[in-house]
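Undergrad: Input file: model20.cif. Contents: mmCIF, C-alpha atoms.
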```cif
data_protein
#
loop_
_atom_site.label_atom_id
_atom_site.label_comp_id
_atom_site.auth_asym_id
_atom_site.auth_seq_id
_atom_site.Cartn_x
_atom_site.Cartn_y
_atom_site.Cartn_z
CA MET A 1262 0.00 0.00 0.00
CA CYS A 1263 2.77 2.44 0.95
CA SER A 1264 4.51 1.84 -2.37
CA ILE A 1265 1.31 2.89 -4.14
CA ALA A 1266 0.77 5.99 -1.99
CA ALA A 1267 4.43 7.09 -2.01
CA PRO A 1268 6.41 5.21 -4.66
CA GLU A 1269 9.38 7.58 -4.27
CA VAL A 1270 9.67 6.67 -0.59
CA PHE A 1271 8.68 3.02 -0.38
CA GLY A 1272 9.44 0.02 -2.54
CA SER A 1273 9.00 -3.70 -2.04
CA ASP A 1274 11.37 -6.63 -1.88
CA GLU A 1275 11.00 -9.92 -3.73
CA LEU A 1276 8.51 -11.11 -1.11
CA GLY A 1277 6.40 -7.99 -1.51
CA HIS A 1278 7.44 -6.71 1.90
CA ALA A 1279 7.85 -2.95 2.10
CA THR A 1280 11.27 -1.37 1.97
CA VAL A 1281 12.32 2.24 2.57
CA LEU A 1282 14.06 3.74 -0.45
CA ILE A 1283 15.28 7.01 1.03
CA VAL A 1284 17.86 7.08 3.81
CA GLY A 1285 17.76 10.07 6.14
CA ASP A 1286 15.52 13.13 5.84
CA LEU A 1287 12.77 13.20 3.26
CA PRO A 1288 12.69 16.09 0.80
CA ALA A 1289 9.85 18.48 1.63
CA GLU A 1290 7.94 17.70 -1.57
CA LEU A 1291 7.50 14.09 -0.43
CA HIS A 1292 6.14 14.85 3.05
CA ALA A 1293 2.50 14.79 1.98
CA LYS A 1294 2.89 11.49 0.15
CA ALA A 1295 4.74 9.91 3.07
CA ARG A 1296 1.97 11.02 5.45
CA ARG A 1297 -0.63 9.51 3.15
CA ALA A 1298 1.30 6.22 3.16
CA GLN A 1299 1.39 6.34 6.95
CA ALA A 1300 -2.34 7.04 7.22
CA ASN A 1301 -3.16 4.12 4.96
CA CYS A 1302 -0.72 1.46 6.13
CA PRO A 1303 -2.93 -1.51 7.00
CA GLU A 1304 -0.50 -2.67 9.67
CA ASP A 1305 0.08 0.79 11.18
CA ALA A 1306 3.77 0.10 10.68
CA ILE A 1307 5.07 3.49 9.50
CA ILE A 1308 6.54 6.02 11.93
CA ILE A 1309 7.53 9.46 10.66
CA GLU A 1310 10.02 11.28 12.86
CA GLU A 1311 9.58 15.03 12.65
CA MET B 126 -26.55 -27.50 12.10
CA THR B 127 -25.27 -27.20 8.57
CA THR B 128 -28.33 -26.68 6.38
CA LEU B 129 -30.53 -23.69 5.63
CA GLU B 130 -33.62 -25.45 6.99
CA GLU B 131 -32.02 -26.08 10.38
CA ASN B 132 -30.91 -22.49 10.71
CA SER B 133 -33.71 -20.45 9.18
CA GLY B 134 -36.37 -18.52 11.10
CA PRO B 135 -36.80 -14.87 11.99
CA VAL B 136 -34.02 -12.98 13.76
CA ASN B 137 -35.38 -10.93 16.64
CA ASP B 138 -32.17 -9.58 18.16
CA PRO B 139 -29.05 -9.69 15.96
CA THR B 140 -26.73 -9.37 18.98
CA THR B 141 -27.82 -12.79 20.25
CA ASP B 142 -29.21 -14.47 17.16
CA TYR B 143 -27.67 -13.11 13.93
CA ASN B 144 -27.92 -15.31 10.86
CA ILE B 145 -25.25 -14.65 8.23
CA PHE B 146 -27.35 -16.49 5.64
CA ASP B 147 -30.57 -14.60 6.33
CA PRO B 148 -31.66 -13.35 2.88
CA GLU B 149 -31.91 -9.74 4.03
CA PHE B 150 -28.46 -9.88 5.65
CA VAL B 151 -26.99 -11.44 2.49
CA ARG B 152 -28.49 -8.65 0.37
CA ASP B 153 -27.47 -5.74 2.61
CA PRO B 154 -25.50 -6.67 5.74
CA TYR B 155 -24.43 -3.16 6.71
CA PRO B 156 -27.50 -2.00 8.73
CA THR B 157 -27.36 -5.16 10.87
CA MET B 158 -23.60 -4.82 11.32
CA SER B 159 -24.11 -1.22 12.41
CA ASP B 160 -26.90 -2.21 14.84
CA ILE B 161 -24.59 -4.75 16.47
CA ARG B 162 -21.57 -2.43 16.49
CA GLU B 163 -23.47 0.39 18.19
CA SER B 164 -25.28 -1.86 20.68
CA ALA B 165 -24.16 -2.70 24.22
CA CYS B 166 -22.90 -5.96 22.73
CA PRO B 167 -20.55 -5.13 19.81
CA ILE B 168 -19.19 -8.68 19.86
CA ALA B 169 -22.38 -10.55 19.15
CA HIS B 170 -22.96 -14.26 19.61
CA SER B 171 -25.35 -16.56 17.79
CA ASP B 172 -26.09 -20.25 18.19
CA ARG B 173 -26.99 -20.60 14.52
CA TRP B 174 -24.67 -22.50 12.18
CA GLY B 175 -22.92 -24.31 15.00
CA GLY B 176 -22.43 -21.15 17.04
CA SER B 177 -20.05 -18.21 16.53
CA TRP B 178 -18.89 -14.82 17.81
CA PHE B 179 -19.18 -11.73 15.61
CA PRO B 180 -16.87 -8.81 16.49
CA THR B 181 -17.95 -5.69 14.62
CA ARG B 182 -15.64 -2.93 15.88
CA TYR B 183 -12.43 -2.17 14.04
CA ASP B 184 -10.17 -2.32 17.11
CA ASP B 185 -11.59 -5.67 18.23
CA VAL B 186 -11.27 -7.30 14.80
CA VAL B 187 -7.66 -6.11 14.46
CA ALA B 188 -6.80 -7.22 18.03
CA ILE B 189 -8.16 -10.73 17.37
CA ALA B 190 -6.27 -10.93 14.07
CA GLN B 191 -3.02 -10.02 15.84
CA GLU B 192 -3.46 -12.67 18.59
CA TYR B 193 -2.86 -15.61 16.31
CA GLU B 194 -1.81 -17.98 19.10
CA ILE B 195 -5.16 -17.75 20.86
CA PHE B 196 -7.30 -17.14 17.78
CA THR B 197 -6.01 -19.80 15.41
CA SER B 198 -6.58 -20.44 11.72
CA ARG B 199 -7.11 -24.18 12.02
CA ASP B 200 -10.48 -23.58 10.40
CA ILE B 201 -11.21 -20.41 8.48
CA VAL B 202 -14.60 -21.19 6.99
CA VAL B 203 -17.57 -19.36 8.53
CA VAL B 204 -19.60 -22.54 9.13
CA PRO B 205 -18.49 -25.84 10.67
CA ARG B 206 -17.31 -28.68 8.48
CA SER B 207 -19.81 -31.47 8.05
CA GLY B 208 -18.72 -35.06 8.69
CA LEU B 209 -18.30 -35.45 4.92
CA GLY B 210 -15.49 -32.93 4.60
CA VAL B 211 -13.04 -34.56 7.00
CA GLU B 212 -12.88 -37.93 5.27
CA GLY B 213 -11.80 -39.21 1.89
CA PRO B 214 -8.55 -39.28 -0.06
CA TYR B 215 -7.76 -35.60 0.49
CA ALA B 216 -8.65 -35.42 4.18
CA GLY B 217 -5.32 -33.78 5.14
CA VAL B 218 -5.25 -31.21 2.33
CA ALA B 219 -5.81 -27.70 3.68
CA ALA B 220 -5.27 -24.28 2.10
CA PRO B 221 -1.81 -23.11 3.18
CA PRO B 222 -0.84 -20.54 4.31
CA ILE B 223 -4.31 -19.17 5.09
CA SER B 224 -5.14 -22.29 7.11
CA SER B 225 -1.67 -22.62 8.69
CA ASP B 226 -0.58 -21.58 12.14
CA PRO B 227 3.01 -20.87 13.18
CA PRO B 228 5.58 -22.37 12.95
CA ASP B 229 4.62 -23.91 9.55
CA HIS B 230 2.81 -20.74 8.56
CA HIS B 231 6.13 -18.97 8.06
CA TRP B 232 7.48 -21.14 5.26
CA HIS B 233 4.02 -21.84 3.84
CA ARG B 234 3.68 -18.10 3.28
CA ARG B 235 7.32 -17.49 2.38
CA LEU B 236 7.01 -19.83 -0.60
CA ILE B 237 4.09 -18.07 -2.26
CA LEU B 238 4.83 -14.42 -1.44
CA PRO B 239 7.24 -13.85 -4.36
CA VAL B 240 4.46 -14.75 -6.81
CA PHE B 241 2.28 -11.95 -5.46
CA ALA B 242 4.84 -9.17 -4.92
CA PRO B 243 3.88 -5.90 -6.68
CA GLN B 244 6.58 -6.24 -9.33
CA ALA B 245 5.60 -9.89 -9.94
CA VAL B 246 1.88 -9.21 -10.44
CA ALA B 247 2.55 -6.19 -12.68
CA LYS B 248 3.26 -8.58 -15.54
CA TYR B 249 -0.41 -9.64 -15.50
CA GLU B 250 -1.72 -6.11 -16.09
CA GLN B 251 -1.81 -6.29 -19.89
CA THR B 252 -3.24 -9.83 -19.82
CA THR B 253 -5.98 -8.66 -17.44
CA ARG B 254 -6.72 -5.67 -19.67
CA ASP B 255 -6.99 -7.97 -22.69
CA PHE B 256 -9.39 -10.32 -20.87
CA CYS B 257 -11.56 -7.34 -19.88
CA ASN B 258 -11.68 -5.98 -23.42
CA GLN B 259 -12.52 -9.39 -24.89
CA LEU B 260 -15.41 -9.78 -22.44
CA ILE B 261 -16.80 -6.33 -23.24
CA ASP B 262 -16.48 -6.99 -27.00
CA LYS B 263 -19.07 -9.73 -26.58
CA PHE B 264 -21.85 -7.52 -25.20
CA ILE B 265 -21.09 -3.87 -25.91
CA ASP B 266 -23.21 -3.73 -29.08
CA SER B 267 -26.29 -5.06 -27.31
CA GLY B 268 -26.54 -2.07 -24.97
CA GLU B 269 -27.16 -4.32 -22.01
CA ALA B 270 -25.15 -6.82 -19.94
CA ASP B 271 -24.97 -8.64 -16.67
CA ALA B 272 -22.06 -6.83 -15.01
CA GLY B 273 -21.83 -9.73 -12.57
CA THR B 274 -22.07 -12.87 -14.67
CA ASP B 275 -20.78 -11.54 -18.01
CA TYR B 276 -17.91 -9.48 -16.62
CA ALA B 277 -16.89 -9.46 -12.93
CA GLN B 278 -17.23 -13.23 -12.61
CA GLN B 279 -15.13 -13.86 -15.72
CA ILE B 280 -12.01 -11.84 -14.92
CA PRO B 281 -10.28 -13.28 -11.80
CA VAL B 282 -10.81 -16.88 -12.89
CA ARG B 283 -8.90 -16.19 -16.11
CA VAL B 284 -6.07 -14.40 -14.32
CA ILE B 285 -5.71 -17.18 -11.74
CA ALA B 286 -5.84 -19.89 -14.43
CA THR B 287 -3.07 -18.03 -16.28
CA MET B 288 -0.95 -17.87 -13.12
CA LEU B 289 -1.46 -21.56 -12.37
CA GLY B 290 -0.84 -22.62 -15.97
CA VAL B 291 -4.15 -24.47 -16.23
CA PRO B 292 -6.59 -24.36 -19.20
CA LEU B 293 -8.50 -21.09 -19.61
CA GLU B 294 -11.27 -23.00 -21.40
CA MET B 295 -12.15 -24.53 -18.04
CA ALA B 296 -13.03 -21.12 -16.54
CA ASP B 297 -16.71 -21.95 -16.09
CA GLU B 298 -15.90 -25.25 -14.40
CA PHE B 299 -13.43 -23.58 -12.02
CA THR B 300 -16.06 -20.98 -11.19
CA SER B 301 -18.69 -23.58 -10.47
CA TRP B 302 -16.31 -25.57 -8.24
CA VAL B 303 -15.34 -22.45 -6.28
CA ARG B 304 -19.00 -21.48 -5.80
CA GLY B 305 -19.56 -25.05 -4.68
CA VAL B 306 -17.00 -24.62 -1.91
CA LEU B 307 -17.45 -20.98 -0.87
CA GLU B 308 -21.00 -20.06 -1.76
CA VAL B 309 -23.60 -22.76 -2.46
CA GLY B 310 -21.62 -25.34 -0.49
CA LEU B 311 -21.61 -23.39 2.76
CA THR B 312 -25.26 -24.23 3.25
CA ASP B 313 -25.14 -27.56 1.40
CA PRO B 314 -22.45 -29.92 2.76
CA LYS B 315 -22.87 -32.40 -0.09
CA VAL B 316 -22.19 -29.77 -2.75
CA ARG B 317 -19.23 -28.49 -0.74
CA PHE B 318 -17.72 -31.96 -0.43
CA GLU B 319 -18.21 -32.81 -4.11
CA SER B 320 -16.81 -29.47 -5.27
CA ARG B 321 -13.74 -29.81 -3.08
CA LEU B 322 -13.20 -33.29 -4.49
CA LYS B 323 -13.40 -31.95 -8.07
CA ILE B 324 -10.85 -29.22 -7.32
CA LEU B 325 -8.38 -31.58 -5.65
CA ASN B 326 -8.80 -34.33 -8.27
CA PHE B 327 -8.10 -31.76 -10.96
CA PHE B 328 -4.96 -30.43 -9.29
CA GLN B 329 -3.74 -33.94 -8.43
CA THR B 330 -3.75 -34.64 -12.17
CA GLN B 331 -1.93 -31.34 -12.80
CA LEU B 332 0.72 -32.31 -10.24
CA GLU B 333 1.27 -35.70 -11.86
CA ASP B 334 1.57 -33.99 -15.24
CA ARG B 335 4.18 -31.47 -13.96
CA LYS B 336 6.22 -34.26 -12.41
CA LYS B 337 6.39 -36.06 -15.78
CA ASN B 338 6.67 -32.90 -17.86
CA PRO B 339 8.18 -30.08 -15.81
CA ARG B 340 7.51 -26.63 -17.30
CA GLU B 341 9.64 -23.50 -17.39
CA ASP B 342 8.41 -20.47 -15.49
CA ASP B 343 5.51 -22.43 -14.03
CA LEU B 344 4.13 -22.00 -10.53
CA ILE B 345 3.15 -25.63 -9.91
CA THR B 346 6.52 -26.93 -11.19
CA ASP B 347 8.36 -24.36 -9.06
CA LEU B 348 6.39 -25.31 -5.95
CA LEU B 349 7.05 -29.02 -6.50
CA ASN B 350 10.77 -28.23 -6.86
CA SER B 351 11.03 -26.23 -3.64
CA GLY B 352 11.85 -29.31 -1.58
CA ASP B 353 15.50 -28.33 -1.21
CA LYS B 354 14.55 -25.33 0.91
CA TYR B 355 11.44 -26.45 2.75
CA PRO B 356 9.69 -29.74 3.62
CA VAL B 357 7.38 -29.47 0.62
CA THR B 358 4.94 -32.36 0.12
CA ASP B 359 2.39 -33.05 -2.60
CA GLN B 360 -0.25 -32.35 0.01
CA TYR B 361 1.18 -28.86 0.54
CA VAL B 362 1.31 -28.07 -3.20
CA LEU B 363 -2.23 -29.37 -3.65
CA GLY B 364 -3.30 -27.15 -0.75
CA VAL B 365 -1.70 -24.05 -2.28
CA CYS B 366 -3.39 -24.70 -5.65
CA ASN B 367 -6.67 -25.22 -3.80
CA LEU B 368 -6.23 -21.92 -2.00
CA MET B 369 -5.31 -19.95 -5.12
CA LEU B 370 -8.41 -21.14 -6.89
CA VAL B 371 -10.80 -20.82 -3.97
CA ALA B 372 -9.44 -17.55 -2.55
CA GLY B 373 -8.44 -15.88 -5.79
CA ILE B 374 -11.69 -16.03 -7.73
CA ASP B 375 -14.86 -15.44 -5.74
CA THR B 376 -13.27 -12.67 -3.66
CA THR B 377 -11.98 -10.38 -6.42
CA TRP B 378 -15.03 -11.14 -8.55
CA SER B 379 -17.19 -9.87 -5.69
CA ALA B 380 -15.10 -6.72 -5.26
CA ILE B 381 -15.34 -5.94 -8.99
CA GLY B 382 -19.09 -6.68 -8.97
CA SER B 383 -19.82 -4.52 -5.93
CA SER B 384 -17.79 -1.67 -7.38
CA LEU B 385 -19.65 -1.79 -10.70
CA TRP B 386 -22.95 -2.01 -8.82
CA HIS B 387 -21.92 1.10 -6.87
CA LEU B 388 -20.79 2.99 -9.97
CA ALA B 389 -24.04 2.10 -11.76
CA GLY B 390 -25.91 4.09 -9.12
CA HIS B 391 -23.44 6.96 -8.72
CA PRO B 392 -22.96 9.03 -11.89
CA GLU B 393 -20.95 11.59 -9.90
CA HIS B 394 -18.33 8.95 -9.09
CA ARG B 395 -18.14 7.78 -12.70
CA LYS B 396 -17.57 11.38 -13.72
CA GLN B 397 -14.92 11.90 -11.04
CA LEU B 398 -12.98 8.81 -12.12
CA ARG B 399 -13.14 9.69 -15.81
CA ALA B 400 -12.03 13.26 -15.15
CA ASN B 401 -9.23 12.47 -12.74
CA PRO B 402 -7.21 9.28 -13.34
CA ASP B 403 -4.98 10.19 -10.37
CA LEU B 404 -7.89 9.15 -8.18
CA TRP B 405 -7.54 5.46 -8.99
CA PRO B 406 -5.22 4.42 -6.15
CA THR B 407 -7.41 5.91 -3.41
CA ALA B 408 -10.65 5.00 -5.20
CA VAL B 409 -9.68 1.32 -5.34
CA GLU B 410 -8.91 1.32 -1.60
CA GLU B 411 -12.16 3.10 -0.84
CA LEU B 412 -14.26 0.65 -2.82
CA LEU B 413 -12.44 -2.20 -1.08
CA ARG B 414 -13.22 -0.61 2.28
CA ALA B 415 -16.87 0.14 1.64
CA TYR B 416 -17.66 -3.20 -0.02
CA SER B 417 -15.15 -5.54 1.62
CA PRO B 418 -16.13 -8.92 0.26
CA VAL B 419 -14.47 -11.31 2.69
CA THR B 420 -15.32 -12.61 6.15
CA MET B 421 -12.89 -15.18 7.56
CA ALA B 422 -13.10 -17.31 10.70
CA ARG B 423 -10.81 -18.07 13.62
CA ILE B 424 -10.98 -20.94 16.12
CA VAL B 425 -10.34 -20.18 19.79
CA ASP B 426 -7.41 -22.29 21.02
CA ARG B 427 -8.08 -22.16 24.78
CA ASP B 428 -10.69 -20.70 27.07
CA THR B 429 -10.19 -16.97 27.16
CA GLU B 430 -12.05 -13.77 27.93
CA PHE B 431 -12.00 -11.12 25.24
CA GLN B 432 -13.67 -7.75 25.90
CA GLY B 433 -15.84 -9.40 28.54
CA CYS B 434 -16.90 -12.25 26.27
CA PRO B 435 -16.28 -15.75 27.68
CA MET B 436 -14.81 -17.57 24.68
CA LYS B 437 -14.31 -21.32 24.96
CA ALA B 438 -11.70 -23.52 23.30
CA GLY B 439 -13.07 -24.50 19.90
CA ASP B 440 -15.41 -21.52 19.57
CA ARG B 441 -15.65 -19.97 16.10
CA ILE B 442 -15.12 -16.24 15.58
CA LEU B 443 -16.29 -14.56 12.38
CA MET B 444 -13.81 -11.87 11.41
CA ALA B 445 -16.31 -9.26 10.26
CA TYR B 446 -13.90 -7.18 8.18
CA PRO B 447 -16.84 -5.54 6.35
CA ALA B 448 -18.21 -4.36 9.72
CA ALA B 449 -14.80 -3.16 10.96
CA ASN B 450 -14.37 -1.18 7.76
CA ARG B 451 -17.51 0.84 8.48
CA ASP B 452 -16.74 1.56 12.13
CA PRO B 453 -17.24 5.31 12.70
CA ARG B 454 -14.55 5.17 15.43
CA GLN B 455 -12.02 4.51 12.67
CA PHE B 456 -13.55 6.07 9.54
CA GLU B 457 -15.32 9.42 9.15
CA HIS B 458 -18.66 9.06 7.36
CA PRO B 459 -18.10 5.31 7.09
CA ASP B 460 -21.20 4.58 5.01
CA GLU B 461 -20.23 7.11 2.35
CA VAL B 462 -17.95 6.24 -0.54
CA ILE B 463 -15.35 9.03 -0.70
CA LEU B 464 -13.08 8.29 -3.65
CA ASP B 465 -10.25 10.53 -2.44
CA ARG B 466 -10.44 9.44 1.22
CA GLU B 467 -7.13 10.43 2.84
CA HIS B 468 -7.15 8.16 5.89
CA ASN B 469 -8.07 4.62 4.99
CA ARG B 470 -6.38 1.97 7.09
CA HIS B 471 -8.96 -0.60 5.99
CA VAL B 472 -8.82 -4.32 6.73
CA ALA B 473 -10.51 -5.66 3.60
CA PHE B 474 -7.46 -7.93 3.24
CA GLY B 475 -7.38 -8.81 6.92
CA SER B 476 -4.62 -7.90 9.33
CA GLY B 477 -1.56 -9.49 10.90
CA ILE B 478 0.19 -12.66 9.78
CA HIS B 479 -2.72 -13.83 7.62
CA ARG B 480 -3.17 -10.57 5.72
CA CYS B 481 -4.15 -11.55 2.17
CA ALA B 482 -1.07 -12.68 0.26
CA GLY B 483 -2.77 -11.83 -3.04
CA SER B 484 -3.75 -8.25 -2.22
CA ASN B 485 -1.51 -6.71 -4.89
CA LEU B 486 -3.04 -8.93 -7.55
CA ALA B 487 -6.57 -8.21 -6.32
CA ARG B 488 -5.91 -4.46 -6.41
CA LEU B 489 -4.54 -4.71 -9.93
CA GLU B 490 -7.50 -6.73 -11.17
CA LEU B 491 -10.03 -4.42 -9.54
CA ARG B 492 -8.40 -1.27 -10.93
CA VAL B 493 -7.97 -2.64 -14.46
CA ALA B 494 -11.48 -4.13 -14.56
CA LEU B 495 -13.04 -0.80 -13.59
CA GLN B 496 -10.75 1.29 -15.81
CA VAL B 497 -11.49 -0.78 -18.91
CA TRP B 498 -15.22 -0.79 -18.17
CA LEU B 499 -15.33 3.00 -17.78
CA GLU B 500 -13.21 3.53 -20.91
CA ARG B 501 -15.59 1.46 -22.99
CA ILE B 502 -18.86 2.06 -21.14
CA PRO B 503 -18.61 5.50 -19.55
CA GLU B 504 -22.34 5.75 -18.75
CA PHE B 505 -24.49 2.89 -17.45
CA SER B 506 -27.19 2.17 -14.90
CA LEU B 507 -28.98 -0.77 -13.28
CA VAL B 508 -31.82 -2.23 -15.36
CA ASP B 509 -33.80 -2.84 -12.18
CA PRO B 510 -32.25 -2.62 -8.68
CA ALA B 511 -34.76 -5.21 -7.42
CA THR B 512 -33.41 -7.94 -9.69
CA VAL B 513 -29.80 -7.77 -8.47
CA THR B 514 -28.95 -10.97 -6.58
CA TRP B 515 -26.29 -11.23 -3.88
CA ALA B 516 -24.08 -13.89 -2.37
CA GLY B 517 -23.02 -13.72 1.26
CA GLY B 518 -21.63 -15.63 4.18
CA GLN B 519 -17.92 -15.98 3.50
CA VAL B 520 -17.82 -13.70 0.47
CA HIS B 521 -20.27 -10.87 -0.18
CA GLY B 522 -20.99 -9.45 -3.61
CA PRO B 523 -23.55 -9.25 -6.42
CA ARG B 524 -24.07 -12.24 -8.69
CA VAL B 525 -26.70 -11.17 -11.24
CA CYS B 526 -26.40 -7.43 -11.85
CA ARG B 527 -27.98 -6.33 -15.11
CA VAL B 528 -27.04 -2.90 -16.46
CA HIS B 529 -27.90 -0.99 -19.61
CA PHE B 530 -25.90 1.60 -21.45
#
```
In structure tokens, write the structure found in this file.

TA:
Amino acid sequence: MCSIAAPEVFGSDELGHATVLIVGDLPAELHAKARRAQANCPEDAIIIEE
Amino acid sequence: MTTLEENSGPVNDPTTDYNIFDPEFVRDPYPTMSDIRESACPIAHSDRWGGSWFPTRYDDVVAIAQEYEIFTSRDIVVVPRSGLGVEGPYAGVAAPPISSDPPDHHWHRRLILPVFAPQAVAKYEQTTRDFCNQLIDKFIDSGEADAGTDYAQQIPVRVIATMLGVPLEMADEFTSWVRGVLEVGLTDPKVRFESRLKILNFFQTQLEDRKKNPREDDLITDLLNSGDKYPVTDQYVLGVCNLMLVAGIDTTWSAIGSSLWHLAGHPEHRKQLRANPDLWPTAVEELLRAYSPVTMARIVDRDTEFQGCPMKAGDRILMAYPAANRDPRQFEHPDEVILDREHNRHVAFGSGIHRCAGSNLARLELRVALQVWLERIPEFSLVDPATVTWAGGQVHGPRVCRVHF
């Protein structure tokens, strides 16, 4: 789900498990997409550190 | 307690006597789910169909899904097995990993996940699009079609047959077997038993064939050859094939059907989707939330108390994902379809270790099926809302759904 909401931020490995593509701080233009991914993660597994 | 006759009769109080096969509940379950959810007893109990619990609040459904050691998946069907189903040549064949508990669950799931990863299912997009176009070619000139039988029902069975490398010409047979297990068979043990036997006999033959004639890039061959990594048996491979057919067809078909039924009655949503293709990702999730097709079951492992409910070892719990997905504590305006809904942590695919392994494929099929339909048939409406028929119980969705355009 996160890789649909924020494909620049999240990818998936060969099992389909989510991976994080960006190390460190997110560029400002991706904040909204990352928040959308967080709000829609079915496992509530995304934490965004401000 | 496994037939309609034994379990029929009026329901006075759904919190103590719900009937998941009551015709009114099958047609439109949401008012009853809401009544239970907002009552003093949001985890209802009914003695019908062998007895079960029915949690309707989002937090409760998720909590039960996460506690897989207490709430096991040793049976995931919403009604008890009849004596027939536990005997015969395939008595030990289950539907891994959906029916597996840890520790086996881990490798059962590990083996099939690569097939359903986003990048792996993407290669079926064009095939799915072609199937959809071919189906529409057959009826577009007539100005009328059954969006259920002529379209929604036809798509997932073809995609799954393609994935499994089994004959597409058998689509109607596969569909009838799956209905025999998941729909008609739930209230008719004989049909369920016979349908299961047909599915497993068919795949047993496919297994024998792959052993003699291994194929390149073939799921069944690959599964049979996974023995170097995991203790793979024929029974396991048969079980996976069984699951892919049973879980991959009726479910997505119902989601496509419900979505088309919704769009037939909502011109404003058709217009929104045509005008703004960027809406598709959130729209697909929203339709999955509002019309979640699947209800699974769990079996209580040991006596336990959950939210004040005294659950006994062996009790059945119906995971009412459709009810959880309309809980106002979790979703604003839960009964409204909001195609650009921002916050949508829905559980249409379940939650926890048994979250649907095929969700990426289901999403792809649902999106492509609706996109192709709207490209070719931008405007359509129900011929007569009263003639739409619905299936319910384990999987909820329209079956006959005539539209004109």

Undergrad: Could you check the closest approach to Arg304 (chain B) for each of B:Pro222, B:Pro447, B:Gly373, B:Gly352 and tell me which residue wins, using all atoms listed in the file?

TA: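 The closest residue to Arg304 (chain B) is B:Gly373.
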
Undergrad: I want to know what sits within 6 Å of region 485-488 of chain B, based on all atoms listed in the file, with residues of the same chain fewer than 5 positions away left out; could you give that as a tab-separated table (two decimals) with C-alpha atoms, in the frame of the given file?

TA:
```tsv
chain	number	residue	atom	x	y	z
B	243	PRO	CA	3.88	-5.90	-6.68
B	246	VAL	CA	1.88	-9.21	-10.44
B	377	THR	CA	-11.98	-10.38	-6.42
```

Undergrad: Using all atoms listed in the file, select each residue of chain A with any atom at most 12 Å away from an atom of chain B, and give the selection as number ranges by chain.

TA: A: 1262-1268, 1271-1279, 1293-1307

Undergrad: Rounded to one decimal place, report the CA of Asp460 (chain B)-CA of Asp142 (chain B) distance in Å.

TA: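 About the pair CA of Asp460 (chain B) and CA of Asp142 (chain B): they are 24.0 Å apart.
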
Undergrad: Could you tell me how far CA of Val316 (chain B) lies from CA of Pro180 (chain B), in Å and to one decimal?

TA: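 Taking CA of Val316 (chain B) and CA of Pro180 (chain B), their separation equals 28.9 Å.
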
Undergrad: To one decimal place in Å, what is the distance between CA of Glu504 (chain B) and CA of Pro392 (chain B)?

TA: 7.6 Å

Undergrad: Could you pull the residues within 8 Å of region 267-280 of chain B, counting all atoms listed in the file, minus those fewer than 3 positions along the same chain, as a list of chain:residue names?

TA: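 Here the qualifying residues turn out to be B:Thr253, B:Phe256, B:Cys257, B:Leu260, B:Ile261, B:Phe264, B:Arg283, B:Val284, B:Ala296, B:Thr300, B:Ile374, B:Asp375, B:Trp378, B:Ser379, B:Ile381, B:Gly382, B:Leu385, B:Trp386, B:Glu490, B:Ala494, B:Pro523, B:Arg524, B:Val525, B:Cys526, B:Arg527, B:Val528, B:His529, B:Phe530.
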
Undergrad: Excluding Arg173 (chain B) and its own-chain neighbours fewer than 2 positions away, which residues fall within 7 Å of it when counting all atoms listed in the file? Please give them as a list in words.

TA: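 That gives Asn132, Asn144, Ser171, Gly175 and Gly176 of chain B.
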
Undergrad: Set the distance at 9 Å and use all atoms listed in the file: which residues neighbour Ala219 (chain B) once local chain neighbours fewer than 4 positions away are removed? I'd like the list as a list in words.

TA: Tyr215, Ile223, Ser224, Ser225, Gln360, Tyr361, Leu363, Gly364, Val365, Asn367 and Leu368 of chain B

Undergrad: Pick out the closest residue to Asp509 (chain B) from this set: B:Ala389, B:Ala438, B:Ile478, B:Val493. Count all atoms listed in the file.

TA: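 Of all the options, B:Ala389 lies closest to Asp509 (chain B).
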
Undergrad: Looking at only C-alpha atoms, which of B:Ile442, B:Leu325, B:Val409, B:Val291 is the one that sits closest to Asp426 (chain B)?

TA: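 Using only C-alpha atoms, the shortest distance to Asp426 (chain B) belongs to B:Ile442.
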
Undergrad: Which residue out of B:Ile145, B:Ala422, B:Leu412, B:Ala372 has the minimum interatomic distance to Gly439 (chain B) when only C-alpha atoms are used?

TA: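 Using only C-alpha atoms, the shortest distance to Gly439 (chain B) belongs to B:Ala422.
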
Undergrad: As a VMD selection string, please: the residues near Asp440 (chain B) (cut-off 8 Å, all atoms listed in the file, same-chain neighbours under 6 positions excluded).

TA: chain B and resid 176 to 178 424 to 425
